[in-house]
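Quick look at upload-v8.pdb (PDB, C-alpha atoms, pLDDT in the B column):
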```
MODEL        1
ATOM      1  CA  VAL A  25      16.071  -4.113 136.539  1.00 86.00           C
ATOM      2  CA  ASP A  26      16.081  -0.882 134.550  1.00 83.00           C
ATOM      3  CA  ALA A  27      16.380   1.691 137.340  1.00 84.00           C
ATOM      4  CA  ASP A  28      20.083   2.509 137.119  1.00 81.00           C
ATOM      5  CA  THR A  29      22.128   4.309 134.461  1.00 80.00           C
ATOM      6  CA  GLU A  30      23.970   2.265 131.868  1.00 82.00           C
ATOM      7  CA  PRO A  31      27.781   2.565 132.069  1.00 83.00           C
ATOM      8  CA  THR A  32      29.369   4.160 129.031  1.00 78.00           C
ATOM      9  CA  LEU A  33      32.734   2.432 129.443  1.00 81.00           C
ATOM     10  CA  GLY A  34      34.085   1.545 125.998  1.00 70.00           C
ATOM     11  CA  ILE A  35      31.227   3.267 124.101  1.00 71.00           C
ATOM     12  CA  THR A  36      32.922   6.096 122.236  1.00 66.00           C
ATOM     13  CA  TRP A  37      29.756   7.866 121.040  1.00 64.00           C
ATOM     14  CA  ALA A  38      27.886   7.814 124.368  1.00 64.00           C
ATOM     15  CA  ASP A  39      29.049  11.317 125.350  1.00 68.00           C
ATOM     16  CA  VAL A  40      27.273  12.904 122.372  1.00 70.00           C
ATOM     17  CA  VAL A  41      23.878  11.366 123.156  1.00 69.00           C
ATOM     18  CA  ILE A  42      21.293  13.730 124.597  1.00 69.00           C
ATOM     19  CA  GLY A  43      20.021  12.394 127.912  1.00 68.00           C
ATOM     20  CA  PRO A  44      20.975   9.086 129.554  1.00 72.00           C
ATOM     21  CA  PHE A  45      22.657   6.714 127.135  1.00 73.00           C
ATOM     22  CA  ARG A  46      20.735   3.498 126.436  1.00 77.00           C
ATOM     23  CA  SER A  47      22.110   0.835 124.111  1.00 81.00           C
ATOM     24  CA  ARG A  48      20.022  -1.677 122.218  1.00 82.00           C
ATOM     25  CA  LYS A  49      21.808  -4.423 124.149  1.00 83.00           C
ATOM     26  CA  ARG A  50      20.566  -2.981 127.436  1.00 86.00           C
ATOM     27  CA  SER A  51      17.011  -2.686 126.121  1.00 89.00           C
ATOM     28  CA  TYR A  52      17.025  -6.335 125.081  1.00 90.00           C
ATOM     29  CA  GLY A  53      18.629  -7.322 128.367  1.00 91.00           C
ATOM     30  CA  THR A  54      15.892  -5.543 130.316  1.00 92.00           C
ATOM     31  CA  LEU A  55      13.242  -7.368 128.273  1.00 92.00           C
ATOM     32  CA  PHE A  56      14.896 -10.772 128.766  1.00 92.00           C
ATOM     33  CA  LEU A  57      15.400 -10.407 132.518  1.00 94.00           C
ATOM     34  CA  THR A  58      11.885  -9.034 133.046  1.00 93.00           C
ATOM     35  CA  ALA A  59      10.430 -12.058 131.212  1.00 92.00           C
ATOM     36  CA  ILE A  60      12.510 -14.468 133.328  1.00 93.00           C
ATOM     37  CA  PHE A  61      11.779 -12.900 136.708  1.00 93.00           C
ATOM     38  CA  ASN A  62       8.093 -12.484 135.913  1.00 92.00           C
ATOM     39  CA  ALA A  63       7.830 -16.174 134.972  1.00 91.00           C
ATOM     40  CA  ILE A  64       9.529 -17.254 138.189  1.00 90.00           C
ATOM     41  CA  SER A  65       7.515 -14.962 140.463  1.00 88.00           C
ATOM     42  CA  THR A  66       4.137 -15.868 138.936  1.00 87.00           C
ATOM     43  CA  ARG A  67       4.605 -19.591 138.292  1.00 83.00           C
ATOM     44  CA  ALA A  68       7.096 -20.915 140.836  1.00 78.00           C
ATOM     45  CA  ALA A  69       6.080 -21.970 144.318  1.00 66.00           C
ATOM     46  CA  GLY A  70       8.105 -21.095 147.387  1.00 67.00           C
ATOM     47  CA  ARG A  71      10.902 -18.581 147.857  1.00 81.00           C
ATOM     48  CA  ARG A  72      13.937 -20.447 146.649  1.00 90.00           C
ATOM     49  CA  PRO A  73      17.043 -18.527 145.563  1.00 93.00           C
ATOM     50  CA  VAL A  74      17.829 -18.105 141.872  1.00 96.00           C
ATOM     51  CA  HIS A  75      21.025 -19.201 140.102  1.00 97.00           C
ATOM     52  CA  ILE A  76      21.519 -17.926 136.544  1.00 97.00           C
ATOM     53  CA  PHE A  77      23.803 -19.565 133.964  1.00 98.00           C
ATOM     54  CA  GLU A  78      24.614 -17.658 130.770  1.00 97.00           C
ATOM     55  CA  VAL A  79      26.157 -19.219 127.673  1.00 97.00           C
ATOM     56  CA  GLY A  80      28.322 -16.584 126.016  1.00 94.00           C
ATOM     57  CA  ALA A  81      27.796 -13.347 127.965  1.00 89.00           C
ATOM     58  CA  GLY A  82      29.393 -10.795 125.656  1.00 91.00           C
ATOM     59  CA  PHE A  83      31.212  -8.159 127.702  1.00 90.00           C
ATOM     60  CA  GLY A  84      29.117  -8.874 130.819  1.00 92.00           C
ATOM     61  CA  SER A  85      26.148  -6.527 130.539  1.00 92.00           C
ATOM     62  CA  LEU A  86      23.525  -8.971 131.866  1.00 95.00           C
ATOM     63  CA  PRO A  87      25.358 -10.005 135.054  1.00 96.00           C
ATOM     64  CA  ARG A  88      26.079  -6.323 135.741  1.00 95.00           C
ATOM     65  CA  LEU A  89      22.402  -5.487 135.242  1.00 94.00           C
ATOM     66  CA  VAL A  90      21.310  -8.280 137.591  1.00 96.00           C
ATOM     67  CA  ALA A  91      23.885  -7.234 140.207  1.00 96.00           C
ATOM     68  CA  SER A  92      22.831  -3.587 140.135  1.00 94.00           C
ATOM     69  CA  SER A  93      19.162  -4.548 140.595  1.00 94.00           C
ATOM     70  CA  ARG A  94      19.633  -7.250 143.264  1.00 95.00           C
ATOM     71  CA  GLN A  95      18.375  -5.098 146.153  1.00 94.00           C
ATOM     72  CA  ARG A  96      15.336  -3.956 144.190  1.00 94.00           C
ATOM     73  CA  LEU A  97      14.496  -7.540 143.208  1.00 94.00           C
ATOM     74  CA  LEU A  98      14.668  -8.553 146.877  1.00 94.00           C
ATOM     75  CA  ALA A  99      12.180  -5.790 147.725  1.00 93.00           C
ATOM     76  CA  LEU A 100       9.509  -7.246 145.431  1.00 90.00           C
ATOM     77  CA  LEU A 101       6.555  -9.262 146.712  1.00 88.00           C
ATOM     78  CA  PRO A 102       7.361 -12.071 146.466  1.00 87.00           C
ATOM     79  CA  PRO A 103      11.114 -11.303 146.482  1.00 91.00           C
ATOM     80  CA  THR A 104      13.385 -12.572 143.727  1.00 93.00           C
ATOM     81  CA  ASP A 105      16.654 -13.590 145.357  1.00 95.00           C
ATOM     82  CA  VAL A 106      19.385 -13.970 142.719  1.00 96.00           C
ATOM     83  CA  GLN A 107      22.426 -15.322 144.554  1.00 96.00           C
ATOM     84  CA  THR A 108      24.681 -16.665 141.790  1.00 97.00           C
ATOM     85  CA  TYR A 109      25.361 -15.698 138.183  1.00 98.00           C
ATOM     86  CA  VAL A 110      27.543 -18.118 136.191  1.00 98.00           C
ATOM     87  CA  VAL A 111      29.111 -17.162 132.860  1.00 98.00           C
ATOM     88  CA  LEU A 112      30.327 -19.944 130.546  1.00 97.00           C
ATOM     89  CA  ASP A 113      32.543 -18.545 127.812  1.00 96.00           C
ATOM     90  CA  VAL A 114      35.948 -18.654 126.116  1.00 95.00           C
ATOM     91  CA  PRO A 115      39.055 -17.434 128.016  1.00 95.00           C
ATOM     92  CA  SER A 116      39.638 -14.223 126.069  1.00 95.00           C
ATOM     93  CA  VAL A 117      36.052 -13.063 126.614  1.00 95.00           C
ATOM     94  CA  ILE A 118      36.166 -14.139 130.267  1.00 96.00           C
ATOM     95  CA  ASP A 119      39.084 -11.723 130.692  1.00 96.00           C
ATOM     96  CA  LEU A 120      36.996  -8.930 129.153  1.00 94.00           C
ATOM     97  CA  GLN A 121      34.010  -9.710 131.388  1.00 95.00           C
ATOM     98  CA  SER A 122      36.166  -9.712 134.518  1.00 95.00           C
ATOM     99  CA  TRP A 123      37.695  -6.366 133.530  1.00 95.00           C
ATOM    100  CA  TYR A 124      34.316  -4.811 132.694  1.00 94.00           C
ATOM    101  CA  LEU A 125      32.492  -6.024 135.809  1.00 95.00           C
ATOM    102  CA  GLN A 126      35.209  -4.906 138.177  1.00 93.00           C
ATOM    103  CA  ARG A 127      35.144  -1.396 136.680  1.00 93.00           C
ATOM    104  CA  THR A 128      31.387  -0.856 136.379  1.00 92.00           C
ATOM    105  CA  SER A 129      29.770  -2.831 139.195  1.00 88.00           C
ATOM    106  CA  ASN A 130      30.361  -0.344 142.038  1.00 86.00           C
ATOM    107  CA  ASN A 131      30.923  -3.185 144.523  1.00 91.00           C
ATOM    108  CA  THR A 132      27.692  -4.980 143.580  1.00 95.00           C
ATOM    109  CA  VAL A 133      29.503  -8.114 142.332  1.00 96.00           C
ATOM    110  CA  GLN A 134      31.922 -10.635 143.763  1.00 96.00           C
ATOM    111  CA  VAL A 135      33.837 -11.949 140.725  1.00 96.00           C
ATOM    112  CA  ARG A 136      35.340 -15.446 140.943  1.00 96.00           C
ATOM    113  CA  ASN A 137      37.535 -16.660 138.101  1.00 95.00           C
ATOM    114  CA  TRP A 138      37.463 -20.454 137.940  1.00 95.00           C
ATOM    115  CA  PRO A 139      38.857 -22.651 139.286  1.00 93.00           C
ATOM    116  CA  PRO A 140      39.355 -21.595 142.923  1.00 91.00           C
ATOM    117  CA  SER A 141      42.624 -22.639 144.529  1.00 89.00           C
ATOM    118  CA  ASP A 142      40.996 -25.633 146.258  1.00 88.00           C
ATOM    119  CA  LEU A 143      40.138 -27.193 142.890  1.00 92.00           C
ATOM    120  CA  THR A 144      43.296 -26.666 140.841  1.00 90.00           C
ATOM    121  CA  SER A 145      44.845 -30.121 141.378  1.00 93.00           C
ATOM    122  CA  TRP A 146      44.221 -33.530 142.922  1.00 93.00           C
ATOM    123  CA  ALA A 147      46.449 -32.529 145.823  1.00 94.00           C
ATOM    124  CA  SER A 148      44.414 -29.421 146.590  1.00 92.00           C
ATOM    125  CA  MET A 149      41.148 -31.360 146.221  1.00 91.00           C
ATOM    126  CA  SER A 150      42.394 -34.054 148.612  1.00 93.00           C
ATOM    127  CA  ARG A 151      43.448 -31.424 151.122  1.00 91.00           C
ATOM    128  CA  CYS A 152      40.039 -29.813 150.821  1.00 88.00           C
ATOM    129  CA  VAL A 153      38.309 -33.133 151.526  1.00 86.00           C
ATOM    130  CA  GLU A 154      40.496 -33.769 154.563  1.00 90.00           C
ATOM    131  CA  GLU A 155      40.078 -30.261 155.946  1.00 89.00           C
ATOM    132  CA  ARG A 156      36.367 -30.017 155.113  1.00 87.00           C
ATOM    133  CA  CYS A 157      36.561 -26.851 153.060  1.00 88.00           C
ATOM    134  CA  PRO A 158      33.606 -24.468 153.371  1.00 91.00           C
ATOM    135  CA  PRO A 159      30.917 -24.566 150.658  1.00 92.00           C
ATOM    136  CA  LEU A 160      31.500 -22.619 147.472  1.00 94.00           C
ATOM    137  CA  TRP A 161      27.888 -21.458 147.222  1.00 95.00           C
ATOM    138  CA  PRO A 162      26.756 -20.555 150.743  1.00 94.00           C
ATOM    139  CA  PRO A 163      23.559 -18.500 151.115  1.00 93.00           C
ATOM    140  CA  LEU A 164      24.098 -14.787 150.550  1.00 95.00           C
ATOM    141  CA  SER A 165      22.782 -12.160 152.920  1.00 94.00           C
ATOM    142  CA  PRO A 166      20.476  -9.539 151.369  1.00 93.00           C
ATOM    143  CA  GLU A 167      23.247  -6.932 151.574  1.00 94.00           C
ATOM    144  CA  ALA A 168      25.914  -9.111 149.925  1.00 96.00           C
ATOM    145  CA  PRO A 169      27.116  -8.444 146.363  1.00 96.00           C
ATOM    146  CA  LEU A 170      26.051 -10.835 143.642  1.00 97.00           C
ATOM    147  CA  ARG A 171      28.335 -13.846 143.271  1.00 97.00           C
ATOM    148  CA  VAL A 172      29.553 -14.033 139.636  1.00 98.00           C
ATOM    149  CA  ASP A 173      31.444 -17.167 138.556  1.00 98.00           C
ATOM    150  CA  LEU A 174      33.418 -16.828 135.317  1.00 98.00           C
ATOM    151  CA  VAL A 175      34.059 -20.286 133.867  1.00 97.00           C
ATOM    152  CA  ASP A 176      36.008 -20.975 130.683  1.00 96.00           C
ATOM    153  CA  ARG A 177      35.762 -24.109 128.572  1.00 94.00           C
ATOM    154  CA  GLU A 178      38.869 -25.733 130.043  1.00 94.00           C
ATOM    155  CA  HIS A 179      37.469 -25.598 133.582  1.00 95.00           C
ATOM    156  CA  ARG A 180      33.748 -26.088 133.002  1.00 95.00           C
ATOM    157  CA  ASP A 181      33.791 -29.799 133.891  1.00 94.00           C
ATOM    158  CA  VAL A 182      35.503 -29.039 137.201  1.00 93.00           C
ATOM    159  CA  PHE A 183      32.842 -26.415 137.822  1.00 94.00           C
ATOM    160  CA  ALA A 184      30.011 -28.815 136.918  1.00 94.00           C
ATOM    161  CA  HIS A 185      31.437 -31.427 139.293  1.00 92.00           C
ATOM    162  CA  ALA A 186      31.809 -28.964 142.179  1.00 92.00           C
ATOM    163  CA  TYR A 187      28.380 -27.429 141.641  1.00 94.00           C
ATOM    164  CA  GLY A 188      26.689 -30.802 141.328  1.00 91.00           C
ATOM    165  CA  ARG A 189      28.410 -32.208 144.390  1.00 89.00           C
ATOM    166  CA  GLU A 190      27.267 -29.292 146.512  1.00 91.00           C
ATOM    167  CA  HIS A 191      23.688 -29.171 145.245  1.00 91.00           C
ATOM    168  CA  PHE A 192      22.584 -32.744 144.547  1.00 88.00           C
ATOM    169  CA  VAL A 193      21.787 -33.309 148.240  1.00 83.00           C
ATOM    170  CA  LEU A 194      19.223 -30.484 148.266  1.00 84.00           C
ATOM    171  CA  ASP A 195      15.559 -31.379 147.889  1.00 82.00           C
ATOM    172  CA  ASP A 196      13.082 -29.498 145.681  1.00 77.00           C
ATOM    173  CA  ILE A 197      12.251 -27.077 148.502  1.00 78.00           C
ATOM    174  CA  GLN A 198      15.871 -26.151 149.203  1.00 83.00           C
ATOM    175  CA  ARG A 199      17.566 -26.162 145.824  1.00 88.00           C
ATOM    176  CA  PRO A 200      17.751 -22.954 143.800  1.00 92.00           C
ATOM    177  CA  HIS A 201      15.740 -22.172 140.713  1.00 93.00           C
ATOM    178  CA  ARG A 202      18.215 -22.628 137.846  1.00 95.00           C
ATOM    179  CA  VAL A 203      17.889 -20.349 134.822  1.00 96.00           C
ATOM    180  CA  LEU A 204      19.813 -20.876 131.581  1.00 97.00           C
ATOM    181  CA  ILE A 205      20.284 -17.824 129.353  1.00 97.00           C
ATOM    182  CA  ALA A 206      21.416 -18.446 125.769  1.00 95.00           C
ATOM    183  CA  VAL A 207      21.048 -15.335 123.609  1.00 92.00           C
ATOM    184  CA  ASN A 208      22.358 -15.872 120.071  1.00 89.00           C
ATOM    185  CA  SER A 209      25.044 -18.210 121.376  1.00 92.00           C
ATOM    186  CA  TRP A 210      24.006 -21.821 122.004  1.00 92.00           C
ATOM    187  CA  HIS A 211      22.583 -22.478 118.539  1.00 90.00           C
ATOM    188  CA  GLU A 212      25.847 -21.318 116.938  1.00 90.00           C
ATOM    189  CA  PHE A 213      27.871 -24.219 118.388  1.00 92.00           C
ATOM    190  CA  PRO A 214      28.837 -27.353 116.446  1.00 93.00           C
ATOM    191  CA  PRO A 215      27.083 -30.553 117.643  1.00 94.00           C
ATOM    192  CA  SER A 216      29.979 -31.659 119.870  1.00 92.00           C
ATOM    193  CA  GLU A 217      29.776 -28.361 121.791  1.00 94.00           C
ATOM    194  CA  TYR A 218      26.010 -27.954 121.607  1.00 94.00           C
ATOM    195  CA  PHE A 219      25.319 -31.285 123.288  1.00 95.00           C
ATOM    196  CA  TRP A 220      27.552 -30.515 126.290  1.00 95.00           C
ATOM    197  CA  TYR A 221      25.101 -27.785 127.266  1.00 95.00           C
ATOM    198  CA  TYR A 222      22.125 -29.855 126.173  1.00 94.00           C
ATOM    199  CA  ASN A 223      23.080 -32.772 128.423  1.00 93.00           C
ATOM    200  CA  MET A 224      24.051 -30.514 131.307  1.00 94.00           C
ATOM    201  CA  PHE A 225      21.153 -28.086 131.359  1.00 95.00           C
ATOM    202  CA  PHE A 226      18.300 -29.334 129.203  1.00 94.00           C
ATOM    203  CA  THR A 227      18.096 -33.025 130.082  1.00 90.00           C
ATOM    204  CA  GLY A 228      20.302 -32.979 133.171  1.00 85.00           C
ATOM    205  CA  SER A 229      21.433 -36.450 132.136  1.00 78.00           C
ATOM    206  CA  VAL A 230      25.076 -35.967 133.127  1.00 74.00           C
ATOM    207  CA  SER A 231      24.874 -33.408 135.914  1.00 76.00           C
ATOM    208  CA  SER A 232      22.957 -31.874 138.784  1.00 82.00           C
ATOM    209  CA  MET A 233      22.672 -28.652 136.775  1.00 90.00           C
ATOM    210  CA  ALA A 234      19.405 -29.224 134.911  1.00 92.00           C
ATOM    211  CA  ALA A 235      17.671 -25.897 134.282  1.00 94.00           C
ATOM    212  CA  ASP A 236      14.171 -25.079 135.493  1.00 92.00           C
ATOM    213  CA  TRP A 237      13.843 -22.136 133.109  1.00 93.00           C
ATOM    214  CA  ILE A 238      15.525 -21.399 129.776  1.00 94.00           C
ATOM    215  CA  LEU A 239      15.710 -18.095 127.927  1.00 94.00           C
ATOM    216  CA  TYR A 240      16.677 -19.036 124.376  1.00 93.00           C
ATOM    217  CA  VAL A 241      17.193 -16.618 121.485  1.00 89.00           C
ATOM    218  CA  SER A 242      18.219 -17.823 118.020  1.00 86.00           C
ATOM    219  CA  SER A 243      18.105 -16.752 114.391  1.00 79.00           C
ATOM    220  CA  HIS A 244      16.492 -19.052 111.854  1.00 75.00           C
ATOM    221  CA  GLU A 245      18.565 -17.335 109.182  1.00 77.00           C
ATOM    222  CA  TRP A 246      21.584 -19.117 110.657  1.00 73.00           C
ATOM    223  CA  GLY A 247      20.092 -22.548 110.074  1.00 74.00           C
ATOM    224  CA  SER A 248      19.036 -23.526 113.598  1.00 79.00           C
ATOM    225  CA  ALA A 249      16.117 -25.829 112.755  1.00 85.00           C
ATOM    226  CA  ALA A 250      17.719 -28.962 114.220  1.00 89.00           C
ATOM    227  CA  GLN A 251      18.801 -27.195 117.408  1.00 89.00           C
ATOM    228  CA  ASP A 252      15.385 -25.599 117.886  1.00 86.00           C
ATOM    229  CA  ASP A 253      13.660 -28.949 117.380  1.00 88.00           C
ATOM    230  CA  LEU A 254      15.703 -30.462 120.210  1.00 91.00           C
ATOM    231  CA  LEU A 255      14.507 -27.703 122.543  1.00 90.00           C
ATOM    232  CA  MET A 256      10.953 -27.022 121.418  1.00 86.00           C
ATOM    233  CA  GLY A 257       9.941 -29.586 118.782  1.00 86.00           C
ATOM    234  CA  SER A 258       9.431 -33.320 118.543  1.00 83.00           C
ATOM    235  CA  GLY A 259      12.975 -33.969 119.779  1.00 81.00           C
ATOM    236  CA  SER A 260      12.424 -32.124 123.053  1.00 86.00           C
ATOM    237  CA  ARG A 261      10.537 -34.939 124.817  1.00 84.00           C
ATOM    238  CA  GLU A 262       8.303 -32.147 126.140  1.00 86.00           C
ATOM    239  CA  LEU A 263      10.670 -31.529 129.051  1.00 87.00           C
ATOM    240  CA  PHE A 264       9.816 -27.816 128.913  1.00 90.00           C
ATOM    241  CA  SER A 265       6.733 -25.801 127.974  1.00 86.00           C
ATOM    242  CA  LYS A 266       6.695 -22.288 126.482  1.00 84.00           C
ATOM    243  CA  VAL A 267       5.597 -19.469 128.750  1.00 84.00           C
ATOM    244  CA  PHE A 268       6.769 -16.567 126.545  1.00 80.00           C
ATOM    245  CA  GLU A 269       7.540 -16.360 122.827  1.00 82.00           C
ATOM    246  CA  HIS A 270       8.382 -13.467 120.557  1.00 78.00           C
ATOM    247  CA  CYS A 271       9.309 -13.705 116.874  1.00 78.00           C
ATOM    248  CA  SER A 272      10.577 -10.898 114.672  1.00 72.00           C
TER     249      SER A 272
ENDMDL
END
```
Before we go any further, please render this structure as structure tokens.
Amino acid sequence: VDADTEPTLGITWADVVIGPFRSRKRSYGTLFLTAIFNAISTRAAGRRPVHIFEVGAGFGSLPRLVASSRQRLLALLPPTDVQTYVVLDVPSVIDLQSWYLQRTSNNTVQVRNWPPSDLTSWASMSRCVEERCPPLWPPLSPEAPLRVDLVDREHRDVFAHAYGREHFVLDDIQRPHRVLIAVNSWHEFPPSEYFWYYNMFFTGSVSSMAADWILYVSSHEWGSAAQDDLLMGSGSRELFSKVFEHCS
């Protein structure tokens, strides 16, 4: 994932750096994605596609990094086939991510701002049912750009419904590996917001979006003991096991 050059768009001091510019954010992103893909390739059976969901994606550096490395990931043995990257964020940051990805991706991403026209009203949904609209997440060919769905808070329940409806019929051999990325984001939410993601991705109690893998980064200095206990302590019901841990 670290074979290309980092874009310097918006980084005012990048032109005075000797050699290729490398931000700390990119270095961390490379570490996080390497840990995820290594875990999947060494512990997961079969060759199912990968769908990544990120809670709070900053300006979009991780989806851009995944998109730029998609062909190289497919060339691995076994291949890692990332077909969908979903960003869940607030509207103003979604606008920034869309702007950034469309200017730095070099045609390696297909950005979709939610909701699509077929899901904007009951009338459009009814028409889609009657006309049998094509699936929103069809398999991607190896040469296709990465599908990036940008979903704001107002439309996330519509997204969850559409995603669940299309994927709940798939068995464990067909359905994609689902990865949740939450880097210094999830643990910052108040309980009412925190538990939306918890019920969607951690327990899967209200959706067909339960994650198979979670990359979670938090700061204990921010008072995240209760949140961390729900994921990794006595409150977790042992739904997940740790495969990588780093504390600093």
key: Residue with smallest distance to Trp210 of chain A - pool A:Val90, A:Asp176, A:Ser129, A:Val79, counting all atoms listed in the file   =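 Under the stated criterion, the closest residue is A:Val79.
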Separation of atom CA of Glu78 of chain A from atom CA of Ile205 of chain A, in Å and rounded to one decimal =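 So the two atoms, atom CA of Glu78 of chain A and atom CA of Ile205 of chain A, lie 4.6 Å apart.
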key: Result set of the PyMOL selection byres ((chain A and resi 236) around 9) on the coordinates above, as a VMD selection string   = chain A and resid 201 to 204 225 to 226 234 to 235 237 to 238 264
Determine the residue membership of the PyMOL selection byres ((chain A and resi 47) around 10) for the file above and supply it as a compact mmCIF listing (two decimals) with C-alpha atoms, keeping the file's coordinate frame.
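File part_13.txt, as written:
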```txt
# COMPACT_ATOMS: atom_id res chain seq x y z
CA GLU A 30 23.97 2.26 131.87
CA PRO A 31 27.78 2.56 132.07
CA THR A 32 29.37 4.16 129.03
CA ILE A 35 31.23 3.27 124.10
CA ALA A 38 27.89 7.81 124.37
CA PRO A 44 20.98 9.09 129.55
CA PHE A 45 22.66 6.71 127.14
CA ARG A 46 20.74 3.50 126.44
CA ARG A 48 20.02 -1.68 122.22
CA LYS A 49 21.81 -4.42 124.15
CA ARG A 50 20.57 -2.98 127.44
CA SER A 51 17.01 -2.69 126.12
CA TYR A 52 17.02 -6.34 125.08
CA GLY A 53 18.63 -7.32 128.37
```
request  = Would you please work out which residue, of A:Cys157, A:Leu33, A:Ser248, A:Val74, is nearest to Arg199 of chain A when using only C-alpha atoms?
outcome  =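 Distance minimum relative to Arg199 of chain A lands on A:Val74.
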key: Residue neighbourhood Arg177 of chain A, 8 Å, only C-alpha atoms, exclusion window fewer than 2 positions, as a ChimeraX atom specification   = /A:112-115,175,179-180
Can you pull out the residues contacting Arg72 of chain A? Cut-off 12 Å, using all atoms listed in the file, and skip same-chain residues under 5 positions away; I want them as a CSV table (one decimal) with C-alpha atoms, keeping the file's coordinate frame.
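File written: part_20.csv
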```csv
chain,number,residue,atom,x,y,z
A,64,ILE,CA,9.5,-17.3,138.2
A,65,SER,CA,7.5,-15.0,140.5
A,98,LEU,CA,14.7,-8.6,146.9
A,102,PRO,CA,7.4,-12.1,146.5
A,103,PRO,CA,11.1,-11.3,146.5
A,104,THR,CA,13.4,-12.6,143.7
A,105,ASP,CA,16.7,-13.6,145.4
A,106,VAL,CA,19.4,-14.0,142.7
A,107,GLN,CA,22.4,-15.3,144.6
A,163,PRO,CA,23.6,-18.5,151.1
A,194,LEU,CA,19.2,-30.5,148.3
A,195,ASP,CA,15.6,-31.4,147.9
A,196,ASP,CA,13.1,-29.5,145.7
A,197,ILE,CA,12.3,-27.1,148.5
A,198,GLN,CA,15.9,-26.2,149.2
A,199,ARG,CA,17.6,-26.2,145.8
A,200,PRO,CA,17.8,-23.0,143.8
A,201,HIS,CA,15.7,-22.2,140.7
A,202,ARG,CA,18.2,-22.6,137.8
```
key: Selection near Ala63 of chain A, 9 Å with only C-alpha atoms, sequence-local residues under 3 positions removed, as a PyMOL selection string   = chain A and resi 58-60+66-68+237+267-268
message = Set the distance at 8 Å and use all atoms listed in the file: which residues neighbour Arg151 of chain A once local chain neighbours fewer than 4 positions away are removed? I'd like the list as a PyMOL selection string.
response = chain A and resi 142+147+155
